[in-house]
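Pasting run09.txt here (compact mmCIF, C-alpha atoms):
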```txt
# COMPACT_ATOMS: atom_id res chain seq x y z
CA MET L 1 -46.31 33.76 -4.16
CA THR L 2 -45.12 31.80 -1.09
CA LYS L 3 -42.55 30.02 -3.23
CA ASN L 4 -41.27 33.37 -4.40
CA SER L 5 -41.13 34.87 -0.94
CA MET L 6 -39.22 31.77 0.31
CA GLN L 7 -36.66 32.21 -2.43
CA CYS L 8 -36.41 35.88 -1.61
CA LEU L 9 -35.78 35.06 2.08
CA LYS L 10 -33.13 32.49 1.13
CA ALA L 11 -31.34 35.07 -1.00
CA LEU L 12 -31.48 37.59 1.82
CA CYS L 13 -30.08 35.07 4.30
CA CYS L 14 -27.26 34.23 1.93
CA ALA L 15 -26.47 37.90 1.43
CA ALA L 16 -26.49 38.49 5.20
CA ALA L 17 -24.20 35.47 5.76
CA ILE L 18 -21.75 36.69 3.12
CA LEU L 19 -21.78 40.23 4.52
CA THR L 20 -21.24 38.98 8.09
CA ALA L 21 -18.39 36.73 6.95
CA GLY L 22 -16.81 39.66 5.12
CA CYS L 23 -17.17 41.82 8.15
CA SER L 24 -15.60 39.24 10.50
CA SER L 25 -12.70 38.63 8.08
CA MET L 26 -12.03 42.39 8.20
CA LYS L 27 -12.16 42.38 12.00
CA THR L 28 -10.01 39.29 12.75
CA PRO L 29 -6.51 40.55 11.70
CA ALA L 30 -6.65 43.64 13.89
CA THR L 31 -7.84 41.61 16.90
CA ALA L 32 -5.06 39.07 16.31
CA ASP L 33 -2.47 41.83 15.92
CA VAL L 34 -3.51 43.47 19.16
CA ALA L 35 -3.39 40.11 20.93
CA VAL L 36 0.09 39.40 19.56
CA SER L 37 1.24 42.86 20.69
CA ASN L 38 -0.15 42.25 24.17
CA ALA L 39 1.82 39.01 24.36
CA ALA L 40 4.97 40.73 23.06
CA VAL L 41 4.68 43.45 25.72
CA ASP L 42 4.19 40.80 28.44
CA ASN L 43 7.26 38.89 27.24
CA ALA L 44 9.36 42.06 27.18
CA ALA L 45 8.22 42.96 30.69
CA GLY L 46 9.10 39.45 31.88
CA ALA L 47 12.58 39.79 30.39
CA GLY L 48 13.19 43.01 32.35
CA GLY L 49 12.34 45.46 29.56
CA ALA L 50 11.10 48.08 32.05
CA GLU L 51 14.51 48.05 33.74
CA TYR L 52 16.80 47.91 30.69
CA ALA L 53 14.69 49.75 28.03
CA PRO L 54 12.19 52.02 29.84
CA ALA L 55 11.54 54.29 26.81
CA GLU L 56 10.66 51.41 24.45
CA MET L 57 8.59 49.71 27.14
CA SER L 58 6.42 52.74 27.91
CA SER L 59 5.99 53.44 24.19
CA ALA L 60 4.88 49.84 23.61
CA ARG L 61 2.42 49.90 26.52
CA GLU L 62 0.98 53.23 25.38
CA LYS L 63 0.48 51.97 21.84
CA VAL L 64 -1.13 48.72 22.97
CA ALA L 65 -3.59 50.77 25.05
CA LEU L 66 -4.36 52.99 22.04
CA ALA L 67 -4.75 49.93 19.82
CA ASN L 68 -7.28 48.49 22.27
CA GLN L 69 -9.17 51.78 22.22
CA ALA L 70 -9.18 51.79 18.39
CA LEU L 71 -10.41 48.21 18.41
CA ALA L 72 -13.25 49.16 20.75
CA ALA L 73 -14.07 52.05 18.42
CA LYS L 74 -14.05 49.58 15.49
CA ASP L 75 -11.23 51.59 13.82
CA TYR L 76 -9.53 48.36 12.72
CA LYS L 77 -6.97 49.92 10.40
CA ARG L 78 -5.66 52.20 13.16
CA ALA L 79 -5.77 49.32 15.67
CA GLU L 80 -3.63 47.20 13.33
CA ASP L 81 -1.08 49.98 12.76
CA LEU L 82 -0.75 50.72 16.49
CA ALA L 83 -0.51 47.02 17.30
CA ASN L 84 2.31 46.58 14.77
CA GLN L 85 4.22 49.55 16.20
CA ALA L 86 3.70 48.33 19.77
CA GLN L 87 4.94 44.89 18.78
CA ALA L 88 8.10 46.34 17.19
CA ASP L 89 8.72 48.46 20.32
CA ALA L 90 8.19 45.48 22.63
CA LYS L 91 10.55 43.24 20.65
CA LEU L 92 13.20 45.96 20.74
CA ALA L 93 12.76 46.37 24.52
CA GLN L 94 13.12 42.63 25.06
CA SER L 95 16.23 42.49 22.89
CA LYS L 96 17.75 45.42 24.79
CA ALA L 97 17.13 43.61 28.09
CA ASP L 98 18.72 40.41 26.72
CA THR L 99 21.72 42.37 25.46
CA ALA L 100 22.19 44.14 28.79
CA LYS L 101 22.09 40.81 30.61
CA ALA L 102 24.59 39.19 28.23
CA GLN L 103 26.90 42.19 28.58
CA ALA L 104 26.65 42.05 32.38
CA ALA L 105 27.52 38.34 32.28
CA ALA L 106 30.49 39.06 30.00
CA ASN L 107 31.73 41.77 32.36
CA ALA L 108 31.34 39.52 35.41
CA LEU L 109 33.32 36.80 33.66
CA GLU L 110 35.98 39.34 32.74
CA ASP L 111 36.27 40.28 36.43
CA ASP L 112 36.53 36.58 37.34
CA ILE L 113 39.35 36.15 34.85
CA HIS L 114 41.14 39.15 36.28
CA ALA L 115 40.88 37.79 39.83
CA LEU L 116 42.02 34.38 38.62
CA ARG L 117 45.03 35.90 36.88
CA VAL L 118 46.02 37.78 40.06
CA GLU L 119 45.66 34.61 42.11
CA ILE L 120 47.75 32.55 39.68
CA ASN L 121 50.46 35.21 39.59
CA ARG L 122 50.57 35.20 43.39
CA ALA L 123 50.73 31.38 43.52
CA ASN L 124 53.62 31.34 41.04
CA GLN L 125 55.70 33.86 42.95
CA MET I 126 -7.77 82.58 -29.89
CA LYS I 127 -8.43 80.64 -26.75
CA LYS I 128 -6.68 77.40 -27.76
CA PRO I 129 -3.02 78.64 -28.10
CA VAL I 130 -3.09 80.14 -24.58
CA PHE I 131 -4.73 77.07 -23.03
CA LEU I 132 -2.18 74.54 -24.35
CA PRO I 133 1.02 76.08 -22.83
CA ALA I 134 -0.79 76.57 -19.52
CA MET I 135 -1.73 72.89 -19.50
CA LEU I 136 1.87 71.93 -20.28
CA VAL I 137 3.20 74.02 -17.41
CA ILE I 138 0.70 72.49 -15.01
CA ALA I 139 1.53 68.98 -16.27
CA ALA I 140 5.25 69.66 -15.86
CA LEU I 141 4.73 70.93 -12.31
CA VAL I 142 2.59 67.96 -11.34
CA SER I 143 5.04 65.45 -12.83
CA ALA I 144 7.98 67.22 -11.10
CA CYS I 145 6.08 66.98 -7.87
CA SER I 146 5.38 63.30 -8.30
CA THR I 147 8.97 62.37 -9.32
CA ALA I 148 10.49 64.16 -6.28
CA PRO I 149 9.58 61.63 -3.53
CA ARG I 150 8.05 62.90 -0.35
CA THR I 151 10.20 62.37 2.71
CA THR I 152 9.99 63.01 6.46
CA SER I 153 12.60 63.64 9.13
CA LEU I 154 11.78 60.24 10.69
CA LEU I 155 12.34 58.54 7.33
CA ASP I 156 15.66 60.36 6.87
CA GLN I 157 16.72 59.30 10.36
CA THR I 158 15.66 55.71 9.64
CA ARG I 159 17.61 55.64 6.37
CA SER I 160 20.77 56.82 8.10
CA ASP I 161 20.29 54.15 10.82
CA PHE I 162 19.86 51.57 8.05
CA VAL I 163 23.10 52.60 6.32
CA ALA I 164 24.96 52.43 9.65
CA ALA I 165 23.62 48.91 10.28
CA GLN I 166 24.59 47.85 6.74
CA ASN I 167 28.12 49.15 7.29
CA ASN I 168 28.53 47.14 10.49
CA PRO I 169 29.90 43.73 9.39
CA ASN I 170 28.88 42.14 12.71
CA VAL I 171 25.19 42.88 11.97
CA ALA I 172 25.33 40.73 8.81
CA ARG I 173 27.26 38.10 10.74
CA TYR I 174 25.24 37.89 13.95
CA ALA I 175 21.71 39.11 13.00
CA PRO I 176 21.08 38.25 9.31
CA MET I 177 17.41 37.35 9.89
CA GLU I 178 16.63 40.54 11.84
CA MET I 179 18.50 42.59 9.20
CA GLN I 180 16.46 40.98 6.43
CA GLN I 181 13.20 41.89 8.23
CA ALA I 182 14.53 45.42 8.76
CA THR I 183 15.33 45.62 5.04
CA VAL I 184 11.77 44.58 4.13
CA ALA I 185 10.36 47.27 6.46
CA MET I 186 12.80 49.84 5.07
CA ASP I 187 11.75 48.95 1.50
CA GLN I 188 8.09 49.41 2.42
CA ALA I 189 8.79 52.87 3.90
CA ASN I 190 10.86 53.83 0.84
CA ALA I 191 8.09 52.59 -1.45
CA ALA I 192 5.52 54.71 0.39
CA SER I 193 7.86 57.67 -0.05
CA ASN I 194 8.31 56.97 -3.77
CA HIS I 195 4.53 56.62 -4.24
CA ASP I 196 4.15 60.01 -2.65
CA ASP I 197 1.95 58.62 0.10
CA SER I 198 0.88 60.73 3.06
CA ALA I 199 3.52 61.77 5.62
CA GLU I 200 1.48 59.92 8.21
CA LYS I 201 1.73 56.65 6.30
CA ILE I 202 5.44 57.13 5.61
CA ASP I 203 6.12 57.83 9.29
CA LYS I 204 4.08 54.80 10.31
CA LEU I 205 6.20 52.51 8.13
CA ALA I 206 9.45 54.33 9.00
CA TYR I 207 8.72 53.90 12.69
CA ILE I 208 8.44 50.13 12.29
CA ALA I 209 11.57 50.02 10.10
CA LYS I 210 13.51 52.07 12.66
CA ASP I 211 12.52 49.69 15.45
CA LYS I 212 13.53 46.66 13.36
CA ILE I 213 16.90 48.17 12.50
CA ALA I 214 17.48 48.89 16.21
CA LEU I 215 16.43 45.30 16.95
CA ALA I 216 19.03 43.97 14.48
CA ARG I 217 21.72 46.06 16.19
CA GLU I 218 20.62 44.92 19.68
CA VAL I 219 20.70 41.28 18.62
CA THR I 220 24.18 41.92 17.21
CA LYS I 221 25.33 43.42 20.52
CA GLN I 222 23.89 40.47 22.40
CA LYS I 223 25.67 37.97 20.16
CA GLU I 224 28.88 39.95 20.52
CA ALA I 225 28.59 39.75 24.31
CA GLU I 226 27.89 36.01 24.07
CA ALA I 227 30.93 35.55 21.84
CA GLU I 228 32.95 37.46 24.42
CA ILE I 229 31.64 35.14 27.14
CA ALA I 230 32.66 32.08 25.11
CA ARG I 231 36.09 33.57 24.44
CA THR I 232 36.59 34.44 28.11
CA ASN I 233 35.53 30.96 29.16
CA ARG I 234 38.11 29.47 26.82
CA GLU I 235 40.72 31.84 28.20
CA ARG I 236 39.89 30.79 31.75
CA ASP I 237 40.13 27.09 30.87
CA HIS I 238 43.45 27.79 29.21
CA MET I 239 44.74 29.64 32.28
CA LEU I 240 43.66 26.85 34.62
CA LEU I 241 45.31 24.25 32.40
CA ASP I 242 48.51 26.30 32.28
CA GLN I 243 48.47 26.67 36.05
CA ARG I 244 48.03 22.92 36.57
CA THR I 245 50.87 22.21 34.16
CA ASN I 246 52.96 24.73 36.06
CA GLU I 247 52.15 23.08 39.39
CA ALA I 248 53.00 19.65 38.00
CA ASP I 249 56.32 20.97 36.70
CA GLN I 250 57.13 22.52 40.05
CA ALA I 251 56.26 19.28 41.84
CA LYS I 252 58.58 17.44 39.45
CA ILE I 253 61.40 19.90 40.14
CA ALA I 254 60.81 19.63 43.90
CA ALA I 255 60.91 15.82 43.65
CA ALA I 256 64.18 15.95 41.70
CA GLN I 257 65.62 18.36 44.25
CA SER I 258 64.63 16.21 47.21
CA GLN I 259 66.14 13.20 45.46
CA LEU I 260 69.34 15.15 44.98
CA THR I 261 69.27 16.21 48.63
CA ALA I 262 68.77 12.58 49.65
CA GLN I 263 71.74 11.53 47.54
CA VAL I 264 73.90 14.26 49.05
CA ALA I 265 72.84 13.18 52.56
CA LEU I 266 73.66 9.59 51.66
CA GLY I 267 77.08 10.70 50.43
CA GLU I 268 77.65 12.68 53.62
CA ALA I 269 76.63 9.71 55.75
CA ALA I 270 79.08 7.52 53.82
CA ALA I 271 81.83 10.10 54.29
CA ALA I 272 81.07 10.31 58.01
CA GLN I 273 81.22 6.55 58.26
CA ARG I 274 84.54 6.58 56.42
CA ARG I 275 85.87 9.15 58.88
CA THR I 276 84.67 7.05 61.80
CA GLU I 277 86.32 4.00 60.30
CA ASP I 278 89.52 5.97 59.74
CA ALA I 279 89.47 7.15 63.33
CA GLN I 280 88.84 3.62 64.56
CA ALA I 281 91.64 2.28 62.38
CA HIS I 282 93.91 5.03 63.69
CA ALA I 283 92.98 4.23 67.29
CA ALA I 284 93.59 0.53 66.62
CA GLN I 285 96.98 1.35 65.13
CA LEU I 286 97.87 3.46 68.16
CA GLN I 287 96.73 0.66 70.42
CA ALA I 288 98.99 -1.79 68.57
CA GLU I 289 101.98 0.56 68.76
CA LEU I 290 101.39 1.15 72.46
CA ALA I 291 100.99 -2.57 73.07
CA ASP I 292 104.47 -2.88 71.64
CA LEU I 293 105.57 -0.45 74.39
CA SER I 294 103.71 -2.52 77.02
CA ALA I 295 101.34 0.38 77.70
CA LYS I 296 98.73 -0.26 80.36
CA GLN I 297 95.25 1.26 80.51
CA THR I 298 94.88 2.84 83.98
CA ASP I 299 92.54 5.33 85.65
CA ARG I 300 94.86 8.13 84.52
CA GLY I 301 94.95 6.91 80.93
CA LEU I 302 97.61 4.92 79.06
CA VAL I 303 100.76 4.49 81.10
CA ILE I 304 104.10 3.18 79.76
CA THR I 305 106.60 2.04 82.38
CA LEU I 306 110.33 2.23 81.60
CA GLY I 307 111.97 -0.22 84.00
CA ASP I 308 115.21 0.24 85.94
CA VAL I 309 117.00 -2.02 83.50
CA LEU I 310 116.81 0.65 80.79
CA PHE I 311 119.01 3.00 82.81
CA GLY I 312 122.53 2.57 84.01
CA THR I 313 122.67 1.63 87.71
CA ASP I 314 122.10 4.80 89.75
CA GLN I 315 122.55 6.65 86.46
CA ALA I 316 120.25 9.11 84.71
CA HIS I 317 121.02 8.22 81.11
CA LEU I 318 119.20 5.69 79.00
CA ASN I 319 121.09 2.63 77.81
CA PRO I 320 120.72 1.57 74.12
CA GLU I 321 117.71 -0.58 74.92
CA GLY I 322 116.08 2.39 76.72
CA MET I 323 116.85 4.61 73.73
CA HIS I 324 115.18 2.07 71.50
CA THR I 325 112.03 2.19 73.64
CA ALA I 326 112.16 6.03 73.64
CA GLN I 327 112.38 5.96 69.82
CA LYS I 328 109.18 3.91 69.62
CA LEU I 329 107.47 6.43 71.91
CA ALA I 330 108.75 9.32 69.80
CA ASP I 331 107.28 7.66 66.70
CA VAL I 332 103.90 7.33 68.41
CA LEU I 333 103.98 10.98 69.44
CA LYS I 334 104.90 12.11 65.90
CA GLN I 335 101.95 10.18 64.49
CA ASN I 336 99.60 11.63 67.15
CA PRO I 337 100.58 15.28 67.25
CA GLN I 338 97.57 16.20 69.42
CA ARG I 339 98.80 14.06 72.31
CA THR I 340 101.23 15.15 75.00
CA VAL I 341 103.08 13.14 77.69
CA LEU I 342 103.83 13.47 81.40
CA VAL I 343 107.13 11.82 82.37
CA GLU I 344 107.30 10.82 86.06
CA GLY I 345 110.45 9.53 87.81
CA TYR I 346 110.30 7.15 90.83
CA THR I 347 112.99 5.49 93.02
CA ASP I 348 113.17 2.89 95.80
CA SER I 349 113.59 3.94 99.43
CA THR I 350 117.33 3.15 99.66
CA GLY I 351 119.48 6.25 100.29
CA THR I 352 118.50 9.78 101.24
CA VAL I 353 115.22 11.27 100.15
CA SER I 354 116.94 14.24 98.53
CA HIS I 355 119.24 11.97 96.53
CA ASN I 356 116.30 9.87 95.37
CA GLN I 357 114.26 13.00 94.57
CA GLU I 358 117.11 14.31 92.47
CA LEU I 359 117.63 10.95 90.75
CA SER I 360 113.93 10.63 89.90
CA GLU I 361 113.91 14.13 88.37
CA ARG I 362 117.10 13.49 86.41
CA ARG I 363 115.79 10.20 85.01
CA ALA I 364 112.54 11.90 83.91
CA ASP I 365 114.54 14.72 82.36
CA ALA I 366 116.75 12.19 80.54
CA VAL I 367 113.65 10.76 78.87
CA ARG I 368 112.48 14.26 77.86
CA THR I 369 115.90 15.05 76.41
CA ALA I 370 115.94 11.79 74.47
CA LEU I 371 112.45 12.54 73.02
CA GLN I 372 113.50 16.08 72.08
CA GLU I 373 116.55 14.70 70.30
CA MET I 374 114.21 12.41 68.41
CA GLY I 375 112.19 15.39 67.14
CA VAL I 376 109.39 15.70 69.74
CA SER I 377 108.76 19.32 70.72
CA GLY I 378 109.80 20.08 74.34
CA ASP I 379 106.48 21.72 75.21
CA ARG I 380 104.69 18.41 74.64
CA VAL I 381 106.68 16.74 77.42
CA THR I 382 106.12 17.59 81.10
CA ILE I 383 108.37 16.03 83.75
CA HIS I 384 107.92 15.37 87.46
CA GLY I 385 110.13 13.61 90.05
CA TYR I 386 108.46 11.78 92.91
CA GLY I 387 111.51 10.14 94.56
CA PRO I 388 110.50 7.09 96.64
CA GLN I 389 106.79 8.07 96.71
CA TYR I 390 104.09 5.81 95.20
CA PRO I 391 106.04 2.54 95.27
CA VAL I 392 104.53 -0.28 93.23
CA ALA I 393 106.02 -2.93 95.54
CA ALA I 394 107.39 -3.25 99.10
CA ASN I 395 111.05 -2.18 99.32
CA ASP I 396 112.01 -5.46 101.07
CA THR I 397 113.79 -7.45 98.35
CA SER I 398 116.20 -6.30 95.67
CA GLN I 399 113.75 -7.54 93.04
CA ASN I 400 110.96 -5.43 94.48
CA ARG I 401 113.24 -2.42 94.87
CA GLN I 402 114.12 -2.73 91.18
CA LEU I 403 110.40 -2.59 90.34
CA ASN I 404 110.08 0.66 92.26
CA ARG I 405 113.00 2.23 90.36
CA ARG I 406 111.15 3.24 87.22
CA VAL I 407 109.96 6.03 84.93
CA GLU I 408 106.25 6.15 84.10
CA ILE I 409 105.08 7.93 80.97
CA VAL I 410 101.42 8.99 81.02
CA LEU I 411 99.89 9.58 77.61
CA SER I 412 97.31 12.36 77.25
CA ASP I 413 93.94 11.95 75.60
CA ASP I 414 93.26 13.29 72.13
CA ASN I 415 92.84 16.82 73.51
CA GLY I 416 96.27 16.84 75.18
CA LYS I 417 94.83 16.51 78.72
CA ILE I 418 96.54 14.55 81.48
CA SER I 419 95.25 14.03 85.01
CA GLN I 420 98.02 14.82 87.53
CA ARG I 421 98.68 12.54 90.49
```

As structure tokens, how would this structure be written, given the file I've shared?
Amino acid sequence: MTKNSMQCLKALCCAAAILTAGCSSMKTPATADVAVSNAAVDNAAGAGGAEYAPAEMSSAREKVALANQALAAKDYKRAEDLANQAQADAKLAQSKADTAKAQAAANALEDDIHALRVEINRANQ
Amino acid sequence: MKKPVFLPAMLVIAALVSACSTAPRTTSLLDQTRSDFVAAQNNPNVARYAPMEMQQATVAMDQANAASNHDDSAEKIDKLAYIAKDKIALAREVTKQKEAEAEIARTNRERDHMLLDQRTNEADQAKIAAAQSQLTAQVALGEAAAAQRRTEDAQAHAAQLQAELADLSAKQTDRGLVITLGDVLFGTDQAHLNPEGMHTAQKLADVLKQNPQRTVLVEGYTDSTGTVSHNQELSERRADAVRTALQEMGVSGDRVTIHGYGPQYPVAANDTSQNRQLNRRVEIVLSDDNGKISQR
């Protein structure tokens, strides 16, 4: 009887362990996705995304907030989807900021060249 | 009875269902995303500058298209289309960034090129300036040599004049060069030059022809024997005789001024005949190079 009940307990423990592991493996990707999205939004903000791509930035922030809410509500599928969208928005915002900066640098250099050309023409007169 | 009616109805339903499933479900977001994707594919710079981003966009696009073909829910299609749209936009942004960076590199090269050109230009100009200053130096050297030659010519000319005047026993005095024609060159109490006097006058005429800028003042003097008026007249006539002789020898009359002083300004006491002879004389004062003569 005791031997049987011990075996029964062992089986129960195993089942619980397997179930818990399954549960946590379901939960981990969404948590990771939300974390990655948070980091992407931070990076984009650091690169000046709010200045150069305000629409993408606010969309990304909004979706990260919703993803966090979904995570809290244990709606992992929705949290993952929102996190992926937020990440795509944040990457786009960062790229837009980088592009704007590169274009500004190109324009400044163009102005320099123009000034240099004027100066050289004056020197050669 | 029932069976024949049932079969066609089933066929119609099956046909409708299959038609429905073969016509893929689409959404306005998916349509928009597809048109963005085509635009990105048609931009050669996207393939050139953002191949990795374009590949990721293609994967996302394929997933959205697959959802559409599987007739998934509009919500799921939109979810995938949204991601695809963002990734396509990302590929285009990266392309724009790389284009701007390429422009920066090109502009930098252009600036380097301009600076190099300008330095070459400056070096060329410096070379030209150096050549010009060398030329100027050579010209100045030539001018200095010419000036020296002129100075030497003038000195040689002056030396020649000096030699010719020495031949005429010219003396350097306060008034300039003075040539004295002694009494012996005139006939006694006469106002015409004897052959020896003419010979001396010829030498003077030669000097004047070679120095056309010079003029002469011819002054007659006598001793104190006889009346003052006679001596005054004699001194004037003797001076005039010299002028006439010079004119005959080709010297223009306006270059010769005459003046008679009679017994004034003796050079010796009138006590002996020898001294009186010294006082009977004609002095010829030579002007400077500008034709100036200081009067007594």

Atom pair CA of Ile383 (chain I) / CA of Val343 (chain I): separation (Å):
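Straight-line distance from CA of Ile383 (chain I) to CA of Val343 (chain I) works out to 4.6 Å.
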
Return as an MDAnalysis selection string the residues belonging to chain I that are within 12 Å of chain L, counting all atoms listed in the file.
chainID I and resid 175 178 181:182 185 200:201 203:247 249:250

Mind giving me the straight-line distance from CA of Gln335 (chain I) to CA of Asn319 (chain I) in Å, one decimal?
24.5 Å

Using all atoms listed in the file, which residues sit within 9 Å of region 67-70 of chain L once same-chain residues fewer than 3 positions away are excluded, as a JSON list (two decimals) with C-alpha atoms, keeping the file's coordinate frame?
```
[["chain", "number", "residue", "atom", "x", "y", "z"],
["L", 30, "ALA", "CA", -6.65, 43.64, 13.89],
["L", 31, "THR", "CA", -7.84, 41.61, 16.90],
["L", 34, "VAL", "CA", -3.51, 43.47, 19.16],
["L", 62, "GLU", "CA", 0.98, 53.23, 25.38],
["L", 63, "LYS", "CA", 0.48, 51.97, 21.84],
["L", 64, "VAL", "CA", -1.13, 48.72, 22.97],
["L", 73, "ALA", "CA", -14.07, 52.05, 18.42],
["L", 74, "LYS", "CA", -14.05, 49.58, 15.49],
["L", 75, "ASP", "CA", -11.23, 51.59, 13.82],
["L", 76, "TYR", "CA", -9.53, 48.36, 12.72],
["L", 77, "LYS", "CA", -6.97, 49.92, 10.40],
["L", 78, "ARG", "CA", -5.66, 52.20, 13.16],
["L", 79, "ALA", "CA", -5.77, 49.32, 15.67],
["L", 80, "GLU", "CA", -3.63, 47.20, 13.33],
["L", 81, "ASP", "CA", -1.08, 49.98, 12.76],
["L", 82, "LEU", "CA", -0.75, 50.72, 16.49],
["L", 83, "ALA", "CA", -0.51, 47.02, 17.30],
["L", 86, "ALA", "CA", 3.70, 48.33, 19.77]]
```

Two-atom distance - CA of Gln273 (chain I), CA of Pro337 (chain I) (Å):
23.1 Å

Residue rebuild result region 84-91 of chain L, all heavy atoms as a PDB file, keeping the file's coordinate frame:
```
ATOM      1  N   ASN L  84       1.025  46.902  15.413  1.00  0.00           N
ATOM      2  CA  ASN L  84       2.310  46.580  14.770  1.00  0.00           C
ATOM      3  C   ASN L  84       3.453  47.396  15.382  1.00  0.00           C
ATOM      4  O   ASN L  84       4.544  46.887  15.636  1.00  0.00           O
ATOM      5  CB  ASN L  84       2.233  46.843  13.270  1.00  0.00           C
ATOM      6  CG  ASN L  84       1.444  45.744  12.564  1.00  0.00           C
ATOM      7  OD1 ASN L  84       1.304  44.635  13.105  1.00  0.00           O
ATOM      8  ND2 ASN L  84       0.909  46.054  11.400  1.00  0.00           N
ATOM      9  N   GLN L  85       3.184  48.692  15.608  1.00  0.00           N
ATOM     10  CA  GLN L  85       4.220  49.550  16.200  1.00  0.00           C
ATOM     11  C   GLN L  85       4.537  49.094  17.632  1.00  0.00           C
ATOM     12  O   GLN L  85       5.702  49.026  18.036  1.00  0.00           O
ATOM     13  CB  GLN L  85       3.757  51.004  16.205  1.00  0.00           C
ATOM     14  CG  GLN L  85       3.736  51.613  14.818  1.00  0.00           C
ATOM     15  CD  GLN L  85       3.299  53.069  14.831  1.00  0.00           C
ATOM     16  OE1 GLN L  85       3.249  53.709  15.880  1.00  0.00           O
ATOM     17  NE2 GLN L  85       2.984  53.581  13.657  1.00  0.00           N
ATOM     18  N   ALA L  86       3.496  48.768  18.389  1.00  0.00           N
ATOM     19  CA  ALA L  86       3.700  48.330  19.770  1.00  0.00           C
ATOM     20  C   ALA L  86       4.513  47.043  19.793  1.00  0.00           C
ATOM     21  O   ALA L  86       5.413  46.859  20.629  1.00  0.00           O
ATOM     22  CB  ALA L  86       2.344  48.090  20.441  1.00  0.00           C
ATOM     23  N   GLN L  87       4.216  46.157  18.838  1.00  0.00           N
ATOM     24  CA  GLN L  87       4.940  44.890  18.780  1.00  0.00           C
ATOM     25  C   GLN L  87       6.418  45.133  18.483  1.00  0.00           C
ATOM     26  O   GLN L  87       7.305  44.534  19.106  1.00  0.00           O
ATOM     27  CB  GLN L  87       4.317  44.017  17.696  1.00  0.00           C
ATOM     28  CG  GLN L  87       4.758  42.573  17.781  1.00  0.00           C
ATOM     29  CD  GLN L  87       4.222  41.765  16.609  1.00  0.00           C
ATOM     30  OE1 GLN L  87       3.205  42.140  16.008  1.00  0.00           O
ATOM     31  NE2 GLN L  87       4.892  40.689  16.295  1.00  0.00           N
ATOM     32  N   ALA L  88       6.706  46.028  17.534  1.00  0.00           N
ATOM     33  CA  ALA L  88       8.100  46.340  17.190  1.00  0.00           C
ATOM     34  C   ALA L  88       8.813  46.931  18.396  1.00  0.00           C
ATOM     35  O   ALA L  88       9.958  46.568  18.711  1.00  0.00           O
ATOM     36  CB  ALA L  88       8.151  47.301  16.013  1.00  0.00           C
ATOM     37  N   ASP L  89       8.134  47.852  19.119  1.00  0.00           N
ATOM     38  CA  ASP L  89       8.720  48.460  20.320  1.00  0.00           C
ATOM     39  C   ASP L  89       9.011  47.394  21.377  1.00  0.00           C
ATOM     40  O   ASP L  89      10.085  47.382  21.996  1.00  0.00           O
ATOM     41  CB  ASP L  89       7.756  49.493  20.919  1.00  0.00           C
ATOM     42  CG  ASP L  89       7.759  50.802  20.135  1.00  0.00           C
ATOM     43  OD1 ASP L  89       8.696  50.986  19.327  1.00  0.00           O
ATOM     44  OD2 ASP L  89       6.841  51.629  20.344  1.00  0.00           O
ATOM     45  N   ALA L  90       8.042  46.498  21.592  1.00  0.00           N
ATOM     46  CA  ALA L  90       8.190  45.480  22.630  1.00  0.00           C
ATOM     47  C   ALA L  90       9.345  44.532  22.315  1.00  0.00           C
ATOM     48  O   ALA L  90      10.140  44.174  23.181  1.00  0.00           O
ATOM     49  CB  ALA L  90       6.890  44.689  22.782  1.00  0.00           C
ATOM     50  N   LYS L  91       9.454  44.139  21.043  1.00  0.00           N
ATOM     51  CA  LYS L  91      10.550  43.240  20.650  1.00  0.00           C
ATOM     52  C   LYS L  91      11.895  43.917  20.884  1.00  0.00           C
ATOM     53  O   LYS L  91      12.857  43.284  21.344  1.00  0.00           O
ATOM     54  CB  LYS L  91      10.403  42.841  19.179  1.00  0.00           C
ATOM     55  CG  LYS L  91       9.431  41.694  18.978  1.00  0.00           C
ATOM     56  CD  LYS L  91       9.480  41.222  17.542  1.00  0.00           C
ATOM     57  CE  LYS L  91       8.565  40.030  17.329  1.00  0.00           C
ATOM     58  NZ  LYS L  91       8.439  39.732  15.892  1.00  0.00           N
TER      59      LYS L  91
END
```
